[in-house]
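As provided, input.txt (compact mmCIF, C-alpha atoms) reads as follows.
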```
# COMPACT_ATOMS: atom_id res chain seq x y z
CA PRO A 20 145.13 68.44 122.36
CA PRO A 21 142.12 69.47 120.30
CA THR A 22 142.33 73.04 119.06
CA THR A 23 139.18 73.97 120.89
CA PHE A 24 141.12 73.74 124.19
CA LEU A 25 143.99 75.94 123.11
CA LYS A 26 144.04 79.57 124.19
CA SER A 27 144.90 80.67 120.68
CA ALA A 28 141.81 79.04 119.18
CA SER A 29 139.29 81.60 118.09
CA LYS A 30 136.00 81.65 119.88
CA PRO A 31 132.94 81.30 117.76
CA THR A 32 130.96 84.50 117.58
CA LEU A 33 127.34 84.99 116.80
CA ASN A 34 126.81 87.60 114.16
CA PRO A 35 123.09 87.79 113.67
CA LYS A 36 122.05 88.79 110.20
CA PRO A 37 120.10 92.03 110.15
CA TYR A 38 116.42 91.55 109.52
CA PRO A 39 115.83 92.73 105.98
CA LEU A 40 113.05 95.27 105.98
CA LYS A 41 110.52 95.07 103.18
CA PRO A 42 111.14 97.68 100.49
CA ILE A 43 108.77 100.63 100.48
CA SER A 44 107.23 101.00 97.06
CA ILE A 45 106.23 104.39 95.67
CA LEU A 46 104.13 104.50 92.51
CA SER A 47 103.37 107.28 90.03
CA VAL A 48 101.18 106.82 86.95
CA SER A 49 100.48 109.17 84.04
CA ARG A 50 101.50 110.18 80.54
CA LEU A 51 105.27 110.62 80.37
CA THR A 52 105.51 114.30 79.53
CA PRO A 53 107.63 116.97 81.24
CA TYR A 54 104.74 118.90 82.84
CA LYS A 55 103.86 115.80 84.88
CA GLY A 56 107.05 116.41 86.89
CA PHE A 57 108.55 112.91 86.82
CA HIS A 58 112.07 114.38 86.59
CA THR A 59 111.45 116.31 89.81
CA LEU A 60 109.93 113.24 91.47
CA ILE A 61 113.04 111.22 90.55
CA GLY A 62 115.24 113.98 92.02
CA ILE A 63 113.29 113.97 95.30
CA PHE A 64 113.29 110.16 95.34
CA ASN A 65 117.07 110.04 94.77
CA GLN A 66 117.51 112.40 97.76
CA LEU A 67 115.28 110.25 99.98
CA THR A 68 117.12 107.02 99.12
CA LYS A 69 120.28 108.43 100.71
CA SER A 70 118.67 107.91 104.13
CA GLN A 71 116.12 105.26 103.07
CA PRO A 72 117.92 102.81 100.74
CA ARG A 73 115.01 100.37 100.74
CA LEU A 74 112.81 102.72 98.72
CA ARG A 75 111.60 101.71 95.27
CA LEU A 76 109.93 104.00 92.74
CA THR A 77 107.88 102.73 89.83
CA ILE A 78 106.78 105.17 87.17
CA ALA A 79 104.17 103.70 84.86
CA GLY A 80 103.35 105.91 81.94
CA SER A 81 101.80 105.99 78.54
CA SER A 82 102.49 107.93 75.35
CA PRO A 83 106.07 108.75 76.33
CA ASP A 84 107.79 111.72 74.78
CA PRO A 85 110.94 109.95 73.44
CA LYS A 86 113.37 112.72 74.48
CA TYR A 87 111.83 112.97 77.93
CA LEU A 88 111.91 109.20 78.40
CA ARG A 89 115.63 109.14 77.50
CA TYR A 90 116.22 111.95 80.01
CA LEU A 91 114.34 110.10 82.77
CA LYS A 92 116.35 106.96 82.10
CA ARG A 93 119.56 108.97 82.37
CA ILE A 94 118.73 110.61 85.74
CA ARG A 95 117.13 107.64 87.49
CA SER A 96 118.88 105.62 90.16
CA PRO A 97 118.90 101.80 90.21
CA ASN A 98 115.84 101.85 92.51
CA VAL A 99 113.69 103.59 89.88
CA THR A 100 111.76 101.49 87.38
CA LEU A 101 110.23 103.06 84.29
CA LYS A 102 107.39 101.14 82.63
CA THR A 103 105.70 102.32 79.47
CA ASN A 104 102.38 101.40 77.93
CA VAL A 105 101.54 98.84 80.62
CA SER A 106 98.53 96.54 80.49
CA GLU A 107 95.57 96.89 82.84
CA SER A 108 96.65 93.76 84.72
CA ASP A 109 100.18 95.14 85.19
CA LEU A 110 98.76 98.44 86.38
CA LYS A 111 96.62 96.62 88.96
CA ARG A 112 99.69 94.71 90.09
CA PHE A 113 101.62 97.99 90.53
CA TYR A 114 98.81 99.52 92.60
CA ARG A 115 98.55 96.40 94.78
CA ALA A 116 102.30 96.47 95.45
CA ALA A 117 102.43 100.21 96.18
CA ASP A 118 102.81 101.57 99.69
CA ILE A 119 102.53 105.22 98.62
CA TYR A 120 101.21 106.96 95.52
CA ALA A 121 103.04 110.17 94.55
CA THR A 122 102.35 112.70 91.84
CA LEU A 123 103.79 116.06 90.93
CA ASP A 124 101.25 116.65 88.16
CA ARG A 125 100.50 120.38 88.08
CA TYR A 126 97.33 119.96 86.00
CA PRO A 127 95.39 116.90 87.19
CA PHE A 128 92.05 117.46 85.46
CA PHE A 129 90.24 114.32 86.61
CA GLY A 130 92.68 112.76 89.08
CA MET A 131 92.04 109.21 87.87
CA PRO A 132 95.38 107.78 89.07
CA LEU A 133 94.68 109.27 92.52
CA VAL A 134 91.24 107.63 92.55
CA GLU A 135 92.77 104.35 91.38
CA ALA A 136 95.39 104.49 94.14
CA ALA A 137 92.67 105.18 96.73
CA SER A 138 90.64 102.23 95.45
CA PHE A 139 93.62 99.99 96.27
CA GLY A 140 94.00 101.54 99.74
CA VAL A 141 97.17 103.45 98.87
CA PRO A 142 97.71 106.86 100.53
CA ALA A 143 98.75 109.66 98.19
CA VAL A 144 101.05 112.65 98.21
CA ALA A 145 100.16 115.21 95.56
CA LEU A 146 100.54 118.86 94.75
CA ASP A 147 97.56 120.90 95.91
CA THR A 148 96.36 121.66 92.38
CA GLY A 149 93.46 120.81 90.12
CA ALA A 150 91.46 117.70 90.91
CA ALA A 151 93.99 116.47 93.48
CA ALA A 152 92.29 118.52 96.20
CA GLU A 153 88.94 116.91 95.32
CA VAL A 154 90.34 113.38 95.61
CA VAL A 155 92.95 113.57 98.38
CA LYS A 156 91.72 114.69 101.79
CA HIS A 157 94.74 116.30 103.42
CA GLY A 158 95.82 114.44 106.55
CA LYS A 159 93.01 111.88 106.16
CA THR A 160 93.70 109.93 102.93
CA GLY A 161 97.05 111.45 102.03
CA PHE A 162 98.75 114.81 101.84
CA LEU A 163 98.45 117.85 99.58
CA ALA A 164 101.63 119.88 99.24
CA ARG A 165 101.82 123.54 98.30
CA THR A 166 105.57 123.41 97.63
CA LEU A 167 108.17 120.85 96.61
CA ASP A 168 109.69 121.04 100.10
CA GLU A 169 106.30 120.16 101.61
CA PHE A 170 105.91 117.37 99.08
CA GLN A 171 109.24 115.85 100.13
CA GLU A 172 108.38 116.30 103.82
CA TYR A 173 105.00 114.55 103.44
CA LEU A 174 106.56 111.76 101.42
CA GLN A 175 109.21 111.32 104.11
CA ARG A 176 106.51 111.14 106.82
CA LEU A 177 104.74 108.32 105.00
CA ILE A 178 108.01 106.51 104.35
CA VAL A 179 109.10 106.41 107.98
CA ASP A 180 105.68 105.91 109.60
CA HIS A 181 104.19 102.52 108.71
CA GLU A 182 101.13 103.09 110.91
CA LEU A 183 100.40 106.42 109.23
CA ARG A 184 100.62 104.77 105.80
CA GLN A 185 98.21 102.06 106.94
CA THR A 186 95.74 104.49 108.50
CA LEU A 187 95.63 106.87 105.53
CA GLY A 188 95.43 103.93 103.13
CA ARG A 189 92.42 102.48 104.95
CA ARG A 190 90.69 105.85 104.83
CA ALA A 191 91.45 106.27 101.13
```
The structure given in the file should be rewritten as structure tokens.
Amino acid sequence: PPTTFLKSASKPTLNPKPYPLKPISILSVSRLTPYKGFHTLIGIFNQLTKSQPRLRLTIAGSSPDPKYLRYLKRIRSPNVTLKTNVSESDLKRFYRAADIYATLDRYPFFGMPLVEAASFGVPAVALDTGAAAEVVKHGKTGFLARTLDEFQEYLQRLIVDHELRQTLGRRA
């Protein structure tokens, strides 16, 4: 008899493939120097990827300090991309692909990357220092954090809440 009629024949099972969720892209842009806090951002990002493995972080920077760049490359996870001296067209592409803009710059004098992110409809999470408070409207276009714990909490909120990202991005 055909094997399909035997009791010992295995029954076909349906194992649906999980729907792959789109990666969530976080962007940070500035000169690659230690006071911009990219090492801390990578540390926070690496913590968040433990529960959110679909996260991606792109750091696009200019004028890298060679020692600092080597350090960043050493501490980054596979989901972190470091780009140096990018063209204007590449920078536009990064902003268009970003879901969240994040910066730990303690001295943002003009806040140009925050303005650029807003112009592409990308909500931001920044430290509540310098020009960041003039560009980011807390709870309306992004979040301003007073501490690193708040920064991570706000970043987490935007990561898990697609609607919140969309709303704040539209308002940006």
Taking 5 positions as the minimum chain separation for residues in the same chain, which residues sit within 10 Å of Phe113 (chain A) when counting all atoms listed in the file? Answer as number ranges by chain. A: 44-48, 77-79, 105, 107-108, 118, 136
Quick one: pull the distance between CA of Phe170 (chain A) and CA of Val99 (chain A), Å, one decimal.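 About the pair CA of Phe170 (chain A) and CA of Val99 (chain A): they are 18.3 Å apart.
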Excluding Leu187 (chain A) and its own-chain neighbours fewer than 6 positions away, which residues fall within 12 Å of it when counting all atoms listed in the file? Please give them as a PDB file with C-alpha atoms, keeping the file's coordinate frame.
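Written output follows (result37.pdb):
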```pdb
ATOM      1  CA  ASP A 118     102.810 101.570  99.690  1.00  0.00           C
ATOM      2  CA  ILE A 119     102.530 105.220  98.620  1.00  0.00           C
ATOM      3  CA  TYR A 120     101.210 106.960  95.520  1.00  0.00           C
ATOM      4  CA  ALA A 136      95.390 104.490  94.140  1.00  0.00           C
ATOM      5  CA  ALA A 137      92.670 105.180  96.730  1.00  0.00           C
ATOM      6  CA  PHE A 139      93.620  99.990  96.270  1.00  0.00           C
ATOM      7  CA  GLY A 140      94.000 101.540  99.740  1.00  0.00           C
ATOM      8  CA  VAL A 141      97.170 103.450  98.870  1.00  0.00           C
ATOM      9  CA  PRO A 142      97.710 106.860 100.530  1.00  0.00           C
ATOM     10  CA  ALA A 143      98.750 109.660  98.190  1.00  0.00           C
ATOM     11  CA  VAL A 144     101.050 112.650  98.210  1.00  0.00           C
ATOM     12  CA  VAL A 155      92.950 113.570  98.380  1.00  0.00           C
ATOM     13  CA  LYS A 156      91.720 114.690 101.790  1.00  0.00           C
ATOM     14  CA  HIS A 157      94.740 116.300 103.420  1.00  0.00           C
ATOM     15  CA  GLY A 158      95.820 114.440 106.550  1.00  0.00           C
ATOM     16  CA  LYS A 159      93.010 111.880 106.160  1.00  0.00           C
ATOM     17  CA  THR A 160      93.700 109.930 102.930  1.00  0.00           C
ATOM     18  CA  GLY A 161      97.050 111.450 102.030  1.00  0.00           C
ATOM     19  CA  PHE A 162      98.750 114.810 101.840  1.00  0.00           C
ATOM     20  CA  ARG A 176     106.510 111.140 106.820  1.00  0.00           C
ATOM     21  CA  LEU A 177     104.740 108.320 105.000  1.00  0.00           C
ATOM     22  CA  ASP A 180     105.680 105.910 109.600  1.00  0.00           C
ATOM     23  CA  HIS A 181     104.190 102.520 108.710  1.00  0.00           C
TER      24      HIS A 181
END
```
Just the residues within 9 Å of Ala150 (chain A), please, counting all atoms listed in the file, with nothing from its chain fewer than 2 positions along; format it as an NGL selection string. :A and (126-130 or 147-148 or 152-155)
Have a look at A:Arg89, A:Arg125, A:Arg75, A:Arg184 and name the one nearest to Lys55 (chain A); count all atoms listed in the file.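 The answer is A:Arg125, which sits nearest to Lys55 (chain A).
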Residue among A:Leu123, A:Arg112, A:Pro72, A:Arg95 lying closest to Pro53 (chain A), counting all atoms listed in the file: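 So, comparing all the options, the nearest one is A:Leu123.
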Work out how far CA of Leu40 (chain A) is from CA of Asp168 (chain A), in Å to one decimal.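 Taking CA of Asp168 (chain A) and CA of Leu40 (chain A), their separation equals 26.6 Å.
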Residue with the minimum atom-to-atom distance to Gln171 (chain A), picked from A:Ser49, A:Ser81, A:Thr103, A:Thr122 with only C-alpha atoms counted, is A:Thr122
Taking (117.4, 106.7, 99.7) in the file's own coordinates, collect the residues within 12 Å, counting only C-alpha atoms, and hand them back as a list in words.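 Returned residue set, sorted by chain then number, is Pro42, Ile43, Ser44, Ile61, Gly62, Ile63, Phe64, Asn65, Gln66, Leu67, Thr68, Lys69, Ser70, Gln71, Pro72, Arg73, Leu74, Arg75, Leu76, Ser96, Pro97, Asn98, Val99, Gln175, Ile178 and Val179 of chain A.
CA of Lys92 (chain A) is positioned 27.4 Å from CA of Arg165 (chain A).
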Nearest-residue call for Asp84 (chain A), choices A:Arg50, A:His58, A:Lys102, A:Lys111, using all atoms listed in the file: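 So, comparing all the options, the nearest one is A:Arg50.
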With 4 Å added on each side, what axis-aligned box encloses every listed atom of region 126-130 of chain A? Give the centre and edge lengths in Å to one decimal, as lines of an AutoDock Vina configuration file.
```
center_x = 93.8
center_y = 116.4
center_z = 87.3
size_x = 15.1
size_y = 15.2
size_z = 11.6
```
With N, CA and C atoms as the target, complete region 127-143 of chain A and hand it back as a PDB file, keeping the file's coordinate frame.
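What ended up in part-v4.pdb:
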```pdb
ATOM      1  N   PRO A 127      96.227 118.113  87.180  1.00  0.00           N
ATOM      2  CA  PRO A 127      95.390 116.900  87.190  1.00  0.00           C
ATOM      3  C   PRO A 127      93.914 117.271  86.992  1.00  0.00           C
ATOM      4  N   PHE A 128      93.414 117.045  85.774  1.00  0.00           N
ATOM      5  CA  PHE A 128      92.050 117.460  85.460  1.00  0.00           C
ATOM      6  C   PHE A 128      91.012 116.557  86.119  1.00  0.00           C
ATOM      7  N   PHE A 129      91.209 115.246  86.043  1.00  0.00           N
ATOM      8  CA  PHE A 129      90.240 114.320  86.610  1.00  0.00           C
ATOM      9  C   PHE A 129      90.780 113.552  87.806  1.00  0.00           C
ATOM     10  N   GLY A 130      92.087 113.447  87.940  1.00  0.00           N
ATOM     11  CA  GLY A 130      92.680 112.760  89.080  1.00  0.00           C
ATOM     12  C   GLY A 130      92.466 111.261  89.094  1.00  0.00           C
ATOM     13  N   MET A 131      92.293 110.656  87.909  1.00  0.00           N
ATOM     14  CA  MET A 131      92.040 109.210  87.870  1.00  0.00           C
ATOM     15  C   MET A 131      93.098 108.368  88.568  1.00  0.00           C
ATOM     16  N   PRO A 132      94.392 108.603  88.349  1.00  0.00           N
ATOM     17  CA  PRO A 132      95.380 107.780  89.070  1.00  0.00           C
ATOM     18  C   PRO A 132      95.256 107.914  90.590  1.00  0.00           C
ATOM     19  N   LEU A 133      94.878 109.095  91.077  1.00  0.00           N
ATOM     20  CA  LEU A 133      94.680 109.270  92.520  1.00  0.00           C
ATOM     21  C   LEU A 133      93.476 108.454  92.996  1.00  0.00           C
ATOM     22  N   VAL A 134      92.425 108.432  92.206  1.00  0.00           N
ATOM     23  CA  VAL A 134      91.240 107.630  92.550  1.00  0.00           C
ATOM     24  C   VAL A 134      91.595 106.150  92.503  1.00  0.00           C
ATOM     25  N   GLU A 135      92.352 105.751  91.489  1.00  0.00           N
ATOM     26  CA  GLU A 135      92.770 104.350  91.380  1.00  0.00           C
ATOM     27  C   GLU A 135      93.609 103.939  92.583  1.00  0.00           C
ATOM     28  N   ALA A 136      94.560 104.787  92.968  1.00  0.00           N
ATOM     29  CA  ALA A 136      95.390 104.490  94.140  1.00  0.00           C
ATOM     30  C   ALA A 136      94.515 104.329  95.381  1.00  0.00           C
ATOM     31  N   ALA A 137      93.563 105.243  95.566  1.00  0.00           N
ATOM     32  CA  ALA A 137      92.670 105.180  96.730  1.00  0.00           C
ATOM     33  C   ALA A 137      91.858 103.889  96.713  1.00  0.00           C
ATOM     34  N   SER A 138      91.442 103.453  95.521  1.00  0.00           N
ATOM     35  CA  SER A 138      90.640 102.230  95.450  1.00  0.00           C
ATOM     36  C   SER A 138      91.430 100.995  95.864  1.00  0.00           C
ATOM     37  N   PHE A 139      92.759 101.090  95.817  1.00  0.00           N
ATOM     38  CA  PHE A 139      93.620  99.990  96.270  1.00  0.00           C
ATOM     39  C   PHE A 139      94.128 100.234  97.695  1.00  0.00           C
ATOM     40  N   GLY A 140      93.605 101.269  98.362  1.00  0.00           N
ATOM     41  CA  GLY A 140      94.000 101.540  99.740  1.00  0.00           C
ATOM     42  C   GLY A 140      95.397 102.109  99.862  1.00  0.00           C
ATOM     43  N   VAL A 141      95.819 102.889  98.873  1.00  0.00           N
ATOM     44  CA  VAL A 141      97.170 103.450  98.870  1.00  0.00           C
ATOM     45  C   VAL A 141      97.070 104.957  99.166  1.00  0.00           C
ATOM     46  N   PRO A 142      97.726 105.430 100.245  1.00  0.00           N
ATOM     47  CA  PRO A 142      97.710 106.860 100.530  1.00  0.00           C
ATOM     48  C   PRO A 142      98.515 107.623  99.479  1.00  0.00           C
ATOM     49  N   ALA A 143      98.122 108.878  99.254  1.00  0.00           N
ATOM     50  CA  ALA A 143      98.750 109.660  98.190  1.00  0.00           C
ATOM     51  C   ALA A 143      99.410 110.924  98.733  1.00  0.00           C
TER      52      ALA A 143
END
```
